[in-house]
Amino acid sequence: MITLSVPAPQPASQPSAPSHQPAPSVPPPDPSAALSLRGLWKRFGQKIAVADVSLDVPTGSFYGVVGPNGAGKTTTLSMATGLLRPDFGTAAVHGTDVWTDPAAAKRRLGILPDGVRLFDRLTGAQLITYAGLLRGLDRATVTERTEDLLRAMDLTADRDTFVVDYSAGMTKKVALASAMIHAPRVLVLDEPFEAVDPVSAANIRDILHAYVADGGTVVVSSHVMDLVQRMCSHVAVVAQGRVLAAGTVDAVRAGQSLEDRFVDLVGGRKEGEGLAWLRSSSASS
Amino acid sequence: MVAQLVRLKLTLMANTFRRSVWQTIGFVVGALYAVSVVFGVVVGAIAGGTANAHGAGNVFVIVGAVVVLAWWLVPVFLYGVDATLDPHRFITFGIRRWNLVAGLAVVGVVSIPGIATLVTLVGAAFAWWRTPLVVVAALVGAVLAVALCVVGSRAITTVLSPLLESRRSREVMAAVTILPIMLMGPIFTWFSRQAAEAAGEAGALSGTVAELAGWLGWTPLGAPWGLAVAVHDADWLGALARLLIAVASVVLAAWAWERALARSFESPRETAGKGARGKGLGWFDRVPATPVGAVAARAATYWRRDPRYSMSFVVIPLLPVIMWFAGGGDAPEVVLIAAPMTGWMLGFGISNDIAYDHTAFALHVATGIDGRTDRWGRALPVLMAGVPVIIVLAVITTALTGRWEWFAPLVGLSLGTLGASTGVSSLVSARWLYPVPKPGESPFKQPQGATGATMVAQGVGMGLTLLVSAPALVLSGLAIGLAEPVLGWVACVVALAVGVAALLGGVRWGARVYDRRAPELLQRVLSYS
C-alpha cells in the first residue's frame, strides 16, 4: 500500500490536479533547509487532502503555514514530522529523511500536534519529565529542564495538578514544553496559540524568538494572519491541499496586509448577500 | 415541545445508523434480543397468570420492583453513557422547564430499554385476562410503572449530577460498580440453593414470596404492581392506597427532577472542580532514567490512576471468593483456578494498550521511541506487580485445598500463564486494535460499532495464549490430577520455560510490528475519536 519510491500519480486520475507533472520534475530535497518537503500527496478515501506539496523551510527561519480550515495544514505537518505516512513524496529534516531514518529525524524535531490528547493522568511535571526521559536524556538534565520549562510556561504553581484538570491554554503550554525538552533543532507547532491567553502567548512568542535567534527553526500553523505577519519571517499559504504562495512574509504579502493577500489568494469572500432579516431595524419578531 | 424532542431523538438515532453499518447491526441485534426477552416474559406472565393468578401477581410485584430499581440505579453507575439529550444542551433555548421535563420524560421511553419495558408491562397486564377489571387496573399500574421508571431515573441522575460531575467521584463509582457485578454470580448460586432448600419444605417458598410481595407492594417500587393484586383480591381500600402511593411517587419524582434541573440551570456546572493533586514525580523518580523506565513509570501510574485499568485490581482479590462459591463450597479444588486466571487477566490487561492511550500515543510516535522500548515498558509493570500477587494467590489457594504437593505445578502454571499472556498481548496490541472507552469515560461504556474488531482481536489474543500455554496446561493438569510430586516439579519448570519463551518471543515480534507500523497505529487511534 505504501510505496515511497513510486512517482506521483498520473494527472488523468486527479481531476483537481490539472497541470501536474510526473515526479521526475521534482528537484531533490535541499539538505541546507531545516525542513524540506518534496511532492507530498495524501488521499483520504475520495478526498485528496494534500496534493503535491513541496516546501523548503530555511534554517533559522520563523515559518508560518496559513490556510483556511481543511486546507491540509495538519495533514502536511503530520507527514513532515513522521506522524502520517505520505502516499507519495519525501520529507527531510536537515537532510535526514523522515520516512527512511525516522529515529534520527525525530531526534532533531520537536512536535506539537493538534487535536491529540496528552497522557493526562500525569501531573504537569510528570508529563514533561516523561517526554524528556523518552528522548533518552539523563535524569539531571531532565530535572533541570523540567523546572526551567515549568517556569517559562508559568506552570510552576500547577506542577502537581493532573493535566486532565488543566485549562485548554495550560494544556497547550504543557504540550509545548514536552515538545521542547530535548532542545530540538526544528520545532513544528500545529496551532500553538489556540486557547492560550494573551500573556502566555506573548511569553511563548518570546521563547520562540529567542530560540530562532540562536539558530533554531520554528514552523507554526495558524489561521490568525495578523499574528503570522507580526511574528514570522516566512510564510506559506496553503489551500485545498496545495501551496498557493511561499516565501518571506514581505514577498508573499506584496505590499498588502497578509490578511488581504490571503483572501485574494484563497478566495471565498461573499459580497452583497447580507442577512437582511438580522438587522434590528427590520423588527419582525 | 414533546413532539419536537421525540423527533429530535429519532433523528439522532437515525443519524447513528448512517454513520456506520456495524452500529446499525448492533442496534438490530439489540432490538431482536429485546423482542425475544419481551416475548418470553409476556408469554411466561400470561401462562403463570392463567395457572395461578394470585401467585403470579406476587411474583410480578417482586420482579417489577427490581425492574424499577434497575431503571433508577443503573444510569447512576453508567453516568454519561447516553448524553444525547443532556438537558444542559437546551439551556440556551429558553424552553419552559416543565415542558422540557415532559418532553424528556417521553423521550426516555423512546429507546430499546424504554420501549421494551413499556411493551412488557402492557403485555404482562393481560396475565389477568380471566378478570377484565383487574386487566384495567394492571394497565393503569403499567403506565404508572413506566412513568416511575423514566421520571425516577431522570430525577435521581439529575439530583446526583453535582456529585457525579467531579471526575474523581465518577471514577470511584465506576470502580465500585464492578463489585455487585462480580458478586452477582455467587449471590445467585447462594440464593437458588436457599430457594431449593426452602422448596423442600412445601409451601415455605410461596409463603416467603407472598410476604415479600405484600411488603414491597406498599413501597413506591412495588405499588404500581400491588394495585392489580389488590383489585384481584377485591381489597378496594388497599387498591386505592396503592394507586395513591404510585401517583404520589411519580409526582414527587417529577417535582424533584424539576427542582434539580432548575438549580443546575441557574448555577451551571462548575467545570474545573478542585482536582486531586499528585505529589512529586511518583514512579518517574523510582525507575531508571531510561526510555523503557519512563514508559514503565507511565504505565504503572495509569494502572493506579485510570479506572479502566485499576478496575482489574478490584477484581483480583475477589477471584478466590468467586471460585469458592462457584465450586459450591464442596469442590475446593476449583479455587486453584484463581492464580493462573489472575496471570492471564493481568497479561490480557495490556492487550489493547495503545487504544487505551488513545491519541496520547502521539507522544510515543513523535519522540520516535522504538518498538522494544514501547513493548517492554508496557510489559514490565505487569510482570513486576504480577509475580508477587500470583505467588501470594497460589499460596492462599493451595492452603485452602490443603494439598501442598499441588503448589509447584500451580505456581509454575500461574507464572507461566502470566508470561505467555503478557507476551501474546505485546504482540496483539501492536497488530489488532479495537475501540475502547476513551480516557475519562466510564469503563463500562461499550464504544458503538466495535463488536467485530473487538471479537477478532480478543479471539486472536485468547487463542494464541491458549495455544502457547497448552503444554504447560496439560502437564500441570496431569501433575495436579495424579498428585505426583516429581511430575509436579517437571510441570513447574516446563511451564516457567514456556512462559519466558512466549514473553520474549511476543515482545520481540510485537516490537518488530510496532517499528513498522507506529504511524499507522497512531492514525488508527485518531480515527476512534
# chains A, B, ... in the order shown; residues from 1 in each chain; ligands from 1
$ select_by_dssp --residues "segment 151-274 of chain A" --states "strand (DSSP E or B)" --output "list in words"
Thr161, Phe162, Val186, Leu187, Val188, Leu189, Asp190, Thr217, Val218, Val219, Val220, Ser221, Ser222, His234, Val235, Ala236, Val237, Val238, Ala239, Arg242, Val243, Leu244, Ala245, Ala246, Gly247 and Thr248 of chain A
$ interface_residues --of "chain A" --to "chain B" --cutoff "8 Å" --atoms "only C-alpha atoms" --output "ChimeraX atom specification"
/A:81-85,102-103,106-107,110-111,113,116-119,121-123,125-126,129-131,133-139,160-162,165,167
$ residues_around --residues "segment 56-73 of chain A" --least-positions-apart "2" --cutoff "7 Å" --atoms "only C-alpha atoms" --output "ChimeraX atom specification"
/A:33-37,49-50,75-77,212,215-223,228,232-241
$ write_last_selection --atoms "N, CA and C atoms" --output "CSV table (one decimal), in the first residue's frame"
chain,number,residue,atom,x,y,z
A,33,ALA,N,18.2,23.1,4.0
A,33,ALA,CA,17.0,23.6,4.6
A,33,ALA,C,16.7,22.8,5.9
A,34,ALA,N,16.0,23.5,6.9
A,34,ALA,CA,15.7,22.8,8.1
A,34,ALA,C,14.7,21.7,7.8
A,35,LEU,N,13.7,22.1,7.0
A,35,LEU,CA,12.7,21.1,6.6
A,35,LEU,C,12.5,21.2,5.1
A,36,SER,N,12.5,20.1,4.5
A,36,SER,CA,12.4,20.1,3.0
A,36,SER,C,11.4,19.1,2.6
A,37,LEU,N,10.3,19.6,2.0
A,37,LEU,CA,9.2,18.7,1.6
A,37,LEU,C,9.2,18.6,0.1
A,49,ALA,N,-6.3,15.2,0.3
A,49,ALA,CA,-6.1,16.2,1.4
A,49,ALA,C,-4.9,17.1,1.1
A,50,VAL,N,-3.9,16.5,0.5
A,50,VAL,CA,-2.6,17.2,0.2
A,50,VAL,C,-2.2,16.8,-1.2
A,75,THR,N,-2.4,17.9,7.9
A,75,THR,CA,-2.0,16.7,7.2
A,75,THR,C,-0.6,16.9,6.7
A,76,THR,N,-0.3,18.0,6.1
A,76,THR,CA,1.1,18.3,5.7
A,76,THR,C,2.1,18.2,6.8
A,77,LEU,N,1.8,18.9,7.9
A,77,LEU,CA,2.8,18.9,9.0
A,77,LEU,C,2.9,17.5,9.6
A,212,VAL,N,14.8,31.0,17.8
A,212,VAL,CA,15.2,31.3,16.4
A,212,VAL,C,16.5,32.1,16.3
A,215,GLY,N,19.5,30.2,16.3
A,215,GLY,CA,19.8,29.3,15.2
A,215,GLY,C,18.7,28.2,15.0
A,216,GLY,N,17.7,28.1,15.9
A,216,GLY,CA,16.7,27.1,15.7
A,216,GLY,C,15.7,27.5,14.6
A,217,THR,N,14.9,26.6,14.2
A,217,THR,CA,13.9,26.9,13.2
A,217,THR,C,12.5,26.5,13.8
A,218,VAL,N,11.5,27.4,13.6
A,218,VAL,CA,10.2,27.2,14.1
A,218,VAL,C,9.2,27.2,12.9
A,219,VAL,N,8.4,26.2,12.8
A,219,VAL,CA,7.3,26.1,11.9
A,219,VAL,C,6.0,26.2,12.7
A,220,VAL,N,5.1,27.1,12.4
A,220,VAL,CA,3.8,27.2,13.1
A,220,VAL,C,2.7,27.2,12.1
A,221,SER,N,1.6,26.5,12.4
A,221,SER,CA,0.4,26.7,11.5
A,221,SER,C,-0.5,27.6,12.3
A,222,SER,N,-1.3,28.4,11.6
A,222,SER,CA,-2.2,29.3,12.3
A,222,SER,C,-3.2,29.7,11.3
A,223,HIS,N,-4.4,30.2,11.7
A,223,HIS,CA,-5.2,31.0,10.8
A,223,HIS,C,-5.4,32.4,11.3
A,228,VAL,N,0.7,35.9,12.4
A,228,VAL,CA,1.8,35.4,11.5
A,228,VAL,C,2.6,36.6,10.9
A,232,CYS,N,6.3,36.0,12.1
A,232,CYS,CA,7.1,35.1,11.2
A,232,CYS,C,7.9,35.9,10.3
A,233,SER,N,9.0,35.2,9.9
A,233,SER,CA,9.9,35.8,8.8
A,233,SER,C,9.4,35.3,7.4
A,234,HIS,N,8.9,34.0,7.4
A,234,HIS,CA,8.5,33.4,6.2
A,234,HIS,C,7.1,32.9,6.3
A,235,VAL,N,6.4,32.7,5.2
A,235,VAL,CA,5.0,32.2,5.3
A,235,VAL,C,4.7,31.4,4.0
A,236,ALA,N,3.9,30.4,4.2
A,236,ALA,CA,3.3,29.6,3.1
A,236,ALA,C,1.8,29.7,3.2
A,237,VAL,N,1.2,30.0,2.1
A,237,VAL,CA,-0.3,30.0,2.1
A,237,VAL,C,-0.8,28.7,1.4
A,238,VAL,N,-1.5,27.9,2.2
A,238,VAL,CA,-2.0,26.6,1.7
A,238,VAL,C,-3.5,26.6,1.6
A,239,ALA,N,-4.0,26.1,0.5
A,239,ALA,CA,-5.5,25.9,0.4
A,239,ALA,C,-5.7,24.7,-0.5
A,240,GLN,N,-6.8,24.0,-0.1
A,240,GLN,CA,-7.2,22.8,-0.9
A,240,GLN,C,-6.0,21.9,-1.2
A,241,GLY,N,-5.1,21.7,-0.2
A,241,GLY,CA,-4.0,20.8,-0.3
A,241,GLY,C,-2.9,21.2,-1.1
$ residues_around --residues "Ala479 of chain B" --least-positions-apart "4" --cutoff "7 Å" --atoms "only C-alpha atoms" --output "list in words"
Pro409, Leu475, Ala483, Glu484, Leu487, Gly488 and Ala491 of chain B
$ write_last_selection --atoms "N, CA, C and O atoms" --output "CSV table (one decimal), in the first residue's frame"
chain,number,residue,atom,x,y,z
B,409,PRO,N,3.3,-27.3,40.7
B,409,PRO,CA,2.7,-27.2,39.3
B,409,PRO,C,1.9,-25.9,39.3
B,409,PRO,O,1.8,-25.2,38.2
B,475,LEU,N,0.5,-30.6,31.2
B,475,LEU,CA,1.4,-31.1,32.2
B,475,LEU,C,1.0,-30.8,33.6
B,475,LEU,O,0.9,-31.7,34.5
B,483,ALA,N,-1.4,-36.1,41.4
B,483,ALA,CA,-0.7,-35.8,42.7
B,483,ALA,C,0.7,-36.5,42.7
B,483,ALA,O,1.0,-37.1,43.7
B,484,GLU,N,1.4,-36.3,41.6
B,484,GLU,CA,2.7,-36.9,41.5
B,484,GLU,C,3.8,-35.8,41.7
B,484,GLU,O,3.9,-35.0,40.9
B,487,LEU,N,6.4,-35.2,38.9
B,487,LEU,CA,5.8,-34.7,37.7
B,487,LEU,C,5.4,-33.2,38.0
B,487,LEU,O,5.5,-32.3,37.1
B,488,GLY,N,5.1,-32.9,39.2
B,488,GLY,CA,4.7,-31.5,39.6
B,488,GLY,C,5.9,-30.6,39.3
B,488,GLY,O,5.7,-29.5,38.8
B,491,ALA,N,6.5,-30.2,35.6
B,491,ALA,CA,5.5,-29.3,35.1
B,491,ALA,C,5.8,-27.8,35.4
B,491,ALA,O,5.7,-26.9,34.6
$ residues_around --residues "segment 413-421 of chain B" --least-positions-apart "5" --cutoff "7 Å" --atoms "only C-alpha atoms" --output "list in words"
Ala339, Pro340, Gly343, Trp344, Leu346, Gly347, Phe348, Val387, Ile390, Thr465, Val468, Ser469, Ala472, Leu473, Ser476, Cys492, Ala495, Leu496, Val498, Gly499, Val500, Ala502 and Leu503 of chain B
$ select_by_dssp --residues "segment 253-462 of chain B" --states "helix (DSSP H, G or I)" --output "JSON, numbers by chain"
{"B": [253, 254, 255, 256, 257, 258, 259, 260, 261, 262, 263, 264, 265, 266, 283, 284, 285, 286, 291, 292, 293, 294, 295, 296, 297, 298, 299, 300, 301, 302, 303, 304, 305, 307, 308, 309, 310, 311, 312, 313, 314, 315, 316, 317, 318, 319, 320, 321, 322, 323, 324, 325, 326, 332, 333, 334, 335, 336, 337, 338, 339, 340, 341, 342, 343, 344, 345, 346, 347, 348, 353, 354, 355, 356, 357, 358, 359, 360, 361, 362, 363, 364, 365, 366, 367, 371, 372, 373, 374, 375, 376, 377, 378, 379, 380, 381, 382, 383, 384, 385, 386, 387, 388, 389, 390, 391, 392, 393, 394, 395, 396, 397, 398, 399, 400, 401, 404, 405, 406, 407, 408, 409, 410, 411, 412, 413, 414, 415, 416, 417, 418, 419, 420, 421, 422, 423, 424, 425, 426, 427, 428, 429, 430, 431, 451, 452, 453, 454, 455, 456, 457, 458, 459, 460, 461, 462]}
$ residues_around --residues "Leu258 of chain A" --least-positions-apart "5" --cutoff "7 Å" --atoms "only C-alpha atoms" --output "short mmCIF file (atom, residue, chain, number, x, y, z; two decimals) with all heavy atoms, in the first residue's frame"
data_model
loop_
_atom_site.label_atom_id
_atom_site.label_comp_id
_atom_site.auth_asym_id
_atom_site.auth_seq_id
_atom_site.Cartn_x
_atom_site.Cartn_y
_atom_site.Cartn_z
N MET A 225 -3.93 35.66 10.76
CA MET A 225 -2.98 36.27 9.82
C MET A 225 -2.14 37.34 10.48
O MET A 225 -0.94 37.47 10.24
CB MET A 225 -3.74 36.92 8.66
CG MET A 225 -4.55 35.96 7.88
SD MET A 225 -3.51 34.70 7.19
CE MET A 225 -4.64 33.35 7.28
N GLN A 229 1.83 37.61 10.46
CA GLN A 229 2.52 38.75 9.84
C GLN A 229 3.51 39.39 10.82
O GLN A 229 4.61 39.76 10.45
CB GLN A 229 1.50 39.80 9.38
CG GLN A 229 2.14 40.94 8.62
CD GLN A 229 1.12 41.92 8.08
OE1 GLN A 229 -0.06 41.61 7.97
NE2 GLN A 229 1.58 43.11 7.77
N ARG A 253 3.18 38.97 0.89
CA ARG A 253 2.06 39.91 1.03
C ARG A 253 2.12 41.03 0.01
O ARG A 253 1.11 41.69 -0.23
CB ARG A 253 1.96 40.42 2.46
CG ARG A 253 3.05 41.36 2.92
CD ARG A 253 2.96 41.56 4.42
NE ARG A 253 4.04 42.41 4.90
CZ ARG A 253 3.89 43.72 5.12
NH1 ARG A 253 2.73 44.31 4.91
NH2 ARG A 253 4.91 44.43 5.55
#
$ residues_around --residues "Thr454 of chain B" --least-positions-apart "4" --cutoff "8 Å" --atoms "only C-alpha atoms" --output "PDB file with C-alpha atoms, in the first residue's frame"
ATOM      1  CA  LEU B 433      -6.546  -2.674  17.825  1.00  0.00           C
ATOM      2  CA  TYR B 434     -10.172  -2.093  18.662  1.00  0.00           C
ATOM      3  CA  PRO B 435     -12.016   0.911  20.138  1.00  0.00           C
ATOM      4  CA  ALA B 450     -16.725  -2.048  17.584  1.00  0.00           C
ATOM      5  CA  GLN B 458      -9.735 -10.715  21.725  1.00  0.00           C
TER       6      GLN B 458
END
$ closest_residue --among "B:Val42, B:Ala470, B:Ile350, B:Leu10" --to "Ser111 of chain B" --atoms "only C-alpha atoms"
B:Leu10
$ closest_residue --among "B:Leu221, B:Val61, B:Val474, B:Val38" --to "Gly123 of chain B" --atoms "only C-alpha atoms"
B:Val38
$ closest_residue --among "B:Thr131, B:Thr24, B:Ser527, B:Thr92" --to "His232 of chain B" --atoms "only C-alpha atoms"
B:Thr131
$ closest_residue --among "A:Pro27, A:Leu55, A:Ala213, A:Phe44" --to "Arg242 of chain A" --atoms "only C-alpha atoms"
A:Leu55
$ atom_distance --atom1 "atom CA of Thr143 of chain A" --atom2 "atom CA of Ala105 of chain A"
24.6 Å
$ atom_distance --atom1 "atom CA of Thr117 of chain B" --atom2 "atom CA of Ala145 of chain B"
9.4 Å
